[in-house]
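One file, work_1.csv, is given below (CSV, C-alpha atoms).
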chain,number,residue,atom,x,y,z
D,1,LYS,CA,33.2,21.6,-178.4
D,2,ALA,CA,30.1,22.0,-176.3
D,3,GLY,CA,30.1,20.2,-173.0
D,4,VAL,CA,27.6,17.7,-171.5
D,5,THR,CA,24.2,19.2,-171.2
D,6,GLN,CA,21.4,18.1,-168.9
D,7,THR,CA,17.8,19.1,-168.8
D,8,PRO,CA,16.0,20.2,-166.9
D,9,ARG,CA,18.4,21.7,-164.3
D,10,TYR,CA,15.8,21.8,-161.5
D,11,LEU,CA,12.7,19.7,-161.0
D,12,ILE,CA,10.1,19.4,-158.2
D,13,LYS,CA,7.9,16.3,-158.1
D,14,THR,CA,5.6,14.7,-155.5
D,15,ARG,CA,5.8,11.2,-154.2
D,16,GLY,CA,4.4,8.6,-156.5
D,17,GLN,CA,5.0,10.5,-159.7
D,18,GLN,CA,7.5,9.6,-162.3
D,19,VAL,CA,10.2,11.7,-163.8
D,20,THR,CA,12.4,11.7,-167.0
D,21,LEU,CA,15.8,13.4,-167.1
D,22,SER,CA,17.8,14.0,-170.3
D,23,CYS,CA,21.5,14.1,-171.0
D,24,SER,CA,23.2,15.1,-174.3
D,25,PRO,CA,26.8,14.0,-174.4
D,26,ILE,CA,29.8,15.7,-175.9
D,27,SER,CA,29.7,15.4,-179.7
D,28,GLY,CA,31.3,12.1,-180.7
D,29,HIS,CA,31.0,10.5,-177.3
D,30,ARG,CA,29.1,7.2,-177.4
D,31,SER,CA,29.1,6.3,-173.7
D,32,VAL,CA,26.8,8.0,-171.2
D,33,SER,CA,26.8,7.1,-167.5
D,34,TRP,CA,24.4,8.3,-164.8
D,35,TYR,CA,25.2,9.0,-161.1
D,36,GLN,CA,23.1,9.9,-158.1
D,37,GLN,CA,24.6,12.4,-155.6
D,38,THR,CA,23.1,12.7,-152.1
D,39,PRO,CA,24.5,14.1,-148.9
D,40,GLY,CA,24.0,10.7,-147.2
D,41,GLN,CA,25.2,8.3,-149.8
D,42,GLY,CA,27.5,10.5,-151.8
D,43,LEU,CA,28.1,9.7,-155.5
D,44,GLN,CA,26.7,6.4,-156.7
D,45,PHE,CA,26.8,4.8,-160.1
D,46,LEU,CA,23.4,4.1,-161.6
D,47,PHE,CA,24.1,2.7,-165.1
D,48,GLU,CA,26.1,3.2,-168.3
D,49,TYR,CA,24.9,3.1,-171.9
D,50,PHE,CA,27.0,2.6,-174.9
D,51,SER,CA,25.7,2.5,-178.5
D,52,GLU,CA,22.1,2.2,-177.2
D,53,THR,CA,22.9,-0.8,-175.0
D,54,GLN,CA,23.1,-0.8,-171.2
D,55,ARG,CA,26.7,-1.9,-170.5
D,56,ASN,CA,26.9,-1.7,-166.8
D,57,LYS,CA,24.4,-1.3,-163.9
D,58,GLY,CA,24.7,-0.2,-160.3
D,59,ASN,CA,22.7,-1.4,-157.3
D,60,PHE,CA,19.5,0.6,-157.7
D,61,PRO,CA,15.9,-0.7,-157.7
D,62,GLY,CA,14.1,-1.3,-160.9
D,63,ARG,CA,12.3,2.0,-160.5
D,64,PHE,CA,15.4,3.5,-162.0
D,65,SER,CA,15.8,2.9,-165.7
D,66,GLY,CA,17.4,4.5,-168.7
D,67,ARG,CA,17.9,4.4,-172.4
D,68,GLN,CA,20.1,5.8,-175.1
D,69,PHE,CA,19.1,6.9,-178.5
D,70,SER,CA,21.0,6.5,-181.8
D,71,ASN,CA,22.4,10.1,-181.5
D,72,SER,CA,23.9,9.0,-178.1
D,73,ARG,CA,21.5,11.2,-176.1
D,74,SER,CA,20.3,9.4,-173.0
D,75,GLU,CA,17.3,9.6,-170.7
D,76,MET,CA,16.8,8.2,-167.3
D,77,ASN,CA,13.4,7.6,-165.7
D,78,VAL,CA,12.5,7.2,-162.1
D,79,SER,CA,9.0,5.8,-161.5
D,80,THR,CA,6.9,5.9,-158.3
D,81,LEU,CA,9.1,8.6,-156.8
D,82,GLU,CA,10.1,8.4,-153.1
D,83,LEU,CA,11.3,11.2,-150.8
D,84,GLY,CA,14.7,9.5,-150.8
D,85,ASP,CA,15.1,10.0,-154.5
D,86,SER,CA,15.7,13.7,-153.9
D,87,ALA,CA,19.2,14.2,-155.2
D,88,LEU,CA,21.5,15.7,-157.8
D,89,TYR,CA,21.5,13.4,-160.9
D,90,LEU,CA,24.7,13.7,-162.9
D,91,CYS,CA,25.4,12.3,-166.3
D,92,ALA,CA,28.9,11.8,-167.7
D,93,SER,CA,30.0,11.2,-171.3
D,94,SER,CA,33.1,9.4,-172.5
D,95,SER,CA,34.7,8.5,-175.8
D,96,ASN,CA,36.9,5.9,-174.2
D,97,THR,CA,37.3,4.3,-170.8
D,98,HIS,CA,39.8,6.8,-169.4
D,99,GLU,CA,38.1,10.2,-169.2
D,100,GLN,CA,34.5,11.0,-168.2
D,101,PHE,CA,33.2,14.5,-168.5
D,102,PHE,CA,30.3,15.4,-166.3
D,103,GLY,CA,27.3,17.7,-166.9
D,104,PRO,CA,26.0,20.3,-164.5
D,105,GLY,CA,23.4,17.9,-163.1
D,106,THR,CA,19.6,17.9,-162.6
D,107,ARG,CA,18.5,18.8,-159.0
D,108,LEU,CA,15.4,16.7,-158.3
D,109,THR,CA,13.3,17.5,-155.2
D,110,VAL,CA,10.6,15.0,-154.2
D,111,LEU,CA,7.9,16.4,-151.9
A,112,GLY,CA,35.2,-4.9,-152.4
A,113,GLU,CA,34.7,-1.4,-153.7
A,114,ASP,CA,35.4,1.3,-151.2
A,115,VAL,CA,37.2,4.6,-151.5
A,116,GLU,CA,38.0,6.7,-148.4
A,117,GLN,CA,39.1,10.3,-148.0
A,118,SER,CA,39.6,12.7,-145.2
A,119,LEU,CA,36.7,15.1,-145.0
A,120,PHE,CA,38.2,18.5,-144.5
A,121,LEU,CA,41.5,20.4,-145.3
A,122,SER,CA,42.2,24.0,-144.5
A,123,VAL,CA,45.3,25.8,-146.0
A,124,ARG,CA,46.6,29.3,-146.4
A,125,GLU,CA,46.7,30.9,-149.9
A,126,GLY,CA,50.1,30.2,-151.5
A,127,ASP,CA,50.7,27.0,-149.5
A,128,SER,CA,50.6,23.5,-150.9
A,129,SER,CA,47.5,21.3,-150.3
A,130,VAL,CA,47.7,17.5,-150.1
A,131,ILE,CA,44.5,15.5,-150.3
A,132,ASN,CA,44.8,11.8,-149.6
A,133,CYS,CA,42.7,8.9,-150.6
A,134,THR,CA,42.8,5.1,-150.1
A,135,TYR,CA,41.0,2.5,-152.2
A,136,THR,CA,40.4,-1.2,-151.7
A,137,ASP,CA,40.0,-2.7,-155.2
A,138,SER,CA,43.4,-3.8,-156.5
A,139,SER,CA,42.0,-4.3,-160.0
A,140,SER,CA,41.4,-0.6,-160.4
A,141,THR,CA,42.8,0.5,-163.8
A,142,TYR,CA,42.5,4.2,-163.5
A,143,LEU,CA,42.3,6.6,-160.5
A,144,TYR,CA,40.8,10.0,-160.8
A,145,TRP,CA,40.6,13.4,-159.1
A,146,TYR,CA,37.5,15.5,-159.7
A,147,LYS,CA,36.6,18.9,-158.3
A,148,GLN,CA,33.1,20.1,-157.5
A,149,GLU,CA,32.2,23.7,-156.8
A,150,PRO,CA,28.9,24.7,-155.2
A,151,GLY,CA,25.9,24.1,-157.4
A,152,ALA,CA,28.1,22.6,-160.2
A,153,GLY,CA,28.8,19.2,-161.7
A,154,LEU,CA,32.2,17.4,-161.4
A,155,GLN,CA,35.2,18.8,-163.2
A,156,LEU,CA,37.9,16.2,-164.2
A,157,LEU,CA,41.2,17.5,-162.8
A,158,THR,CA,43.5,14.6,-163.6
A,159,TYR,CA,43.8,10.9,-163.7
A,160,ILE,CA,46.6,8.3,-163.4
A,161,PHE,CA,46.9,4.8,-164.8
A,162,SER,CA,47.4,2.1,-162.2
A,163,ASN,CA,50.9,1.2,-163.4
A,164,MET,CA,52.3,4.7,-162.9
A,165,ASP,CA,53.7,6.1,-159.7
A,166,MET,CA,53.4,9.8,-160.4
A,167,LYS,CA,51.8,12.3,-162.8
A,168,GLN,CA,52.3,16.0,-162.9
A,169,ASP,CA,50.1,18.5,-164.6
A,170,GLN,CA,50.9,22.2,-164.0
A,171,ARG,CA,50.1,22.8,-160.3
A,172,LEU,CA,48.8,19.3,-159.8
A,173,THR,CA,50.9,16.3,-158.8
A,174,VAL,CA,49.3,12.9,-158.3
A,175,LEU,CA,51.2,10.2,-156.4
A,176,LEU,CA,50.1,6.6,-156.4
A,177,ASN,CA,51.3,3.9,-154.0
A,178,LYS,CA,49.8,0.8,-155.5
A,179,LYS,CA,51.1,-1.5,-152.7
A,180,ASP,CA,49.4,0.5,-150.0
A,181,LYS,CA,46.4,1.5,-152.3
A,182,HIS,CA,47.0,5.1,-151.5
A,183,LEU,CA,46.5,8.0,-153.9
A,184,SER,CA,47.3,11.7,-153.2
A,185,LEU,CA,46.7,15.0,-155.0
A,186,ARG,CA,49.1,17.8,-154.3
A,187,ILE,CA,48.1,21.3,-155.4
A,188,ALA,CA,51.0,23.7,-155.5
A,189,ASP,CA,50.5,27.5,-154.7
A,190,THR,CA,46.9,27.0,-153.6
A,191,GLN,CA,44.6,29.8,-154.5
A,192,THR,CA,41.2,30.9,-153.2
A,193,GLY,CA,39.7,29.7,-156.4
A,194,ASP,CA,40.8,26.2,-155.5
A,195,SER,CA,38.3,26.1,-152.6
A,196,ALA,CA,35.9,23.3,-153.5
A,197,ILE,CA,35.2,19.6,-152.8
A,198,TYR,CA,37.7,17.2,-154.2
A,199,PHE,CA,36.7,13.6,-155.1
A,200,CYS,CA,38.9,10.7,-155.5
A,201,ALA,CA,37.5,7.9,-157.8
A,202,GLU,CA,38.6,4.5,-159.1
A,203,SER,CA,37.4,2.8,-162.2
A,204,ILE,CA,36.3,-0.7,-161.5
A,205,TYR,CA,35.0,-1.9,-164.8
A,206,GLY,CA,34.7,0.2,-167.9
A,207,ASN,CA,33.2,3.5,-167.1
A,208,LYS,CA,31.9,2.6,-163.7
A,209,LEU,CA,33.5,5.0,-161.2
A,210,VAL,CA,33.5,4.4,-157.4
A,211,PHE,CA,33.9,7.7,-155.6
A,212,GLY,CA,35.1,8.7,-152.1
A,213,ALA,CA,32.9,10.9,-149.9
A,214,GLY,CA,34.9,14.0,-151.0
A,215,THR,CA,37.4,16.3,-149.2
A,216,ILE,CA,36.3,19.9,-148.6
A,217,LEU,CA,39.3,22.2,-149.3
A,218,ARG,CA,39.1,25.6,-147.7
A,219,VAL,CA,41.7,28.2,-148.7
A,220,LYS,CA,42.2,31.1,-146.4
A,221,SER,CA,43.5,34.4,-147.8

Go ahead and express the file in the form of structure tokens.
Amino acid sequence: KAGVTQTPRYLIKTRGQQVTLSCSPISGHRSVSWYQQTPGQGLQFLFEYFSETQRNKGNFPGRFSGRQFSNSRSEMNVSTLELGDSALYLCASSSNTHEQFFGPGTRLTVL
Amino acid sequence: GEDVEQSLFLSVREGDSSVINCTYTDSSSTYLYWYKQEPGAGLQLLTYIFSNMDMKQDQRLTVLLNKKDKHLSLRIADTQTGDSAIYFCAESIYGNKLVFGAGTILRVKS
């Protein structure tokens, strides 16, 4: 089985712009979760989608949003980018609540 | 509250055992996990343990859980240079929401 894929792998944006990141889960997995990884805050949970519905949400501002499509692929969007949004964004897919498999991440740099 | 703590750095010699420790605060955690991250890569799931278990062994990896003290450890037997990485402890709070520790940098000297 192919693993979790994330596109793009690297992205450079400027403050005030918006960005959309994509995640394709492992085939058959219906849950997709998103995490932000920064040197200062570590790994933080953004949100989880299951069957096109947001099932859980972390403590991030409303500028961070996501969605899931009927094929389980997920996108997350960050609007009005700030310098502090520079991070590695990781997505994880799961077929149950025990194991989550992570993708390689998207490295976002905000200038 | 949700908080996971780990020591930041561990250095061992090749062939020795490594023990990485973690403490967590949420007693309602159902599963506890160990992930490995190599430079420039995502997280690799190493192993996990259900909260009603005390120990789990998987080849070179042994996980010990002391639920009373909310303490989790990962032992890597016969540590190799390829084991050099950052190791994250995580607890599942609700569903697929994971709370991670800050990570332990494992350095293996040959």

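Going from CA of Val210 (chain A) to CA of Leu43 (chain D) covers 7.8 Å.
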
Write out as number ranges by chain which residues come within 6 Å of region 92-97 of chain D when counting all atoms listed in the file, dropping same-chain ones fewer than 3 positions away.
-> D: 25, 29-33, 100-102; A: 206-207

Just the residues within 10 Å of region 120-134 of chain A, please, counting all atoms listed in the file, with nothing from its chain fewer than 4 positions along; format it as a PyMOL selection string.
-> chain A and resi 114-116+145+171-178+180-195+197-202+212+214-221

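With only the atoms specified (only C-alpha atoms) counting, those residues at most 7 Å away from (45.4, 6.8, -163.8) are Thr141, Tyr142, Leu143, Tyr144, Tyr159, Ile160, Phe161 and Ser162 of chain A.
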
Put those residues in a file: C-alpha atoms, as a PDB file, keeping the file's coordinate frame.
ATOM      1  CA  THR A 141      42.800   0.500-163.800  1.00  0.00           C
ATOM      2  CA  TYR A 142      42.500   4.200-163.500  1.00  0.00           C
ATOM      3  CA  LEU A 143      42.300   6.600-160.500  1.00  0.00           C
ATOM      4  CA  TYR A 144      40.800  10.000-160.800  1.00  0.00           C
ATOM      5  CA  TYR A 159      43.800  10.900-163.700  1.00  0.00           C
ATOM      6  CA  ILE A 160      46.600   8.300-163.400  1.00  0.00           C
ATOM      7  CA  PHE A 161      46.900   4.800-164.800  1.00  0.00           C
ATOM      8  CA  SER A 162      47.400   2.100-162.200  1.00  0.00           C
TER       9      SER A 162
END

Compute the set of chain D residues within 12 Å of chain A, using all atoms listed in the file, and express it as a PyMOL selection string.
-> chain D and resi 3-6+9-10+30-50+54-59+88-107

Provide the CA of Pro150 (chain A) to CA of Glu82 (chain D) distance in Å, to one decimal place.
->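 About the pair CA of Pro150 (chain A) and CA of Glu82 (chain D): they are 25.0 Å apart.
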
Rounded to one decimal place, report the CA of Ser70 (chain D)-CA of Glu52 (chain D) distance in Å.
->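 Between CA of Ser70 (chain D) and CA of Glu52 (chain D) the gap is 6.4 Å.
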
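Distance annotation: of D:Phe64, D:Thr14, D:Leu111, D:Ala2, the residue with the minimal separation from Met76 (chain D) is D:Phe64; atom set is only C-alpha atoms.
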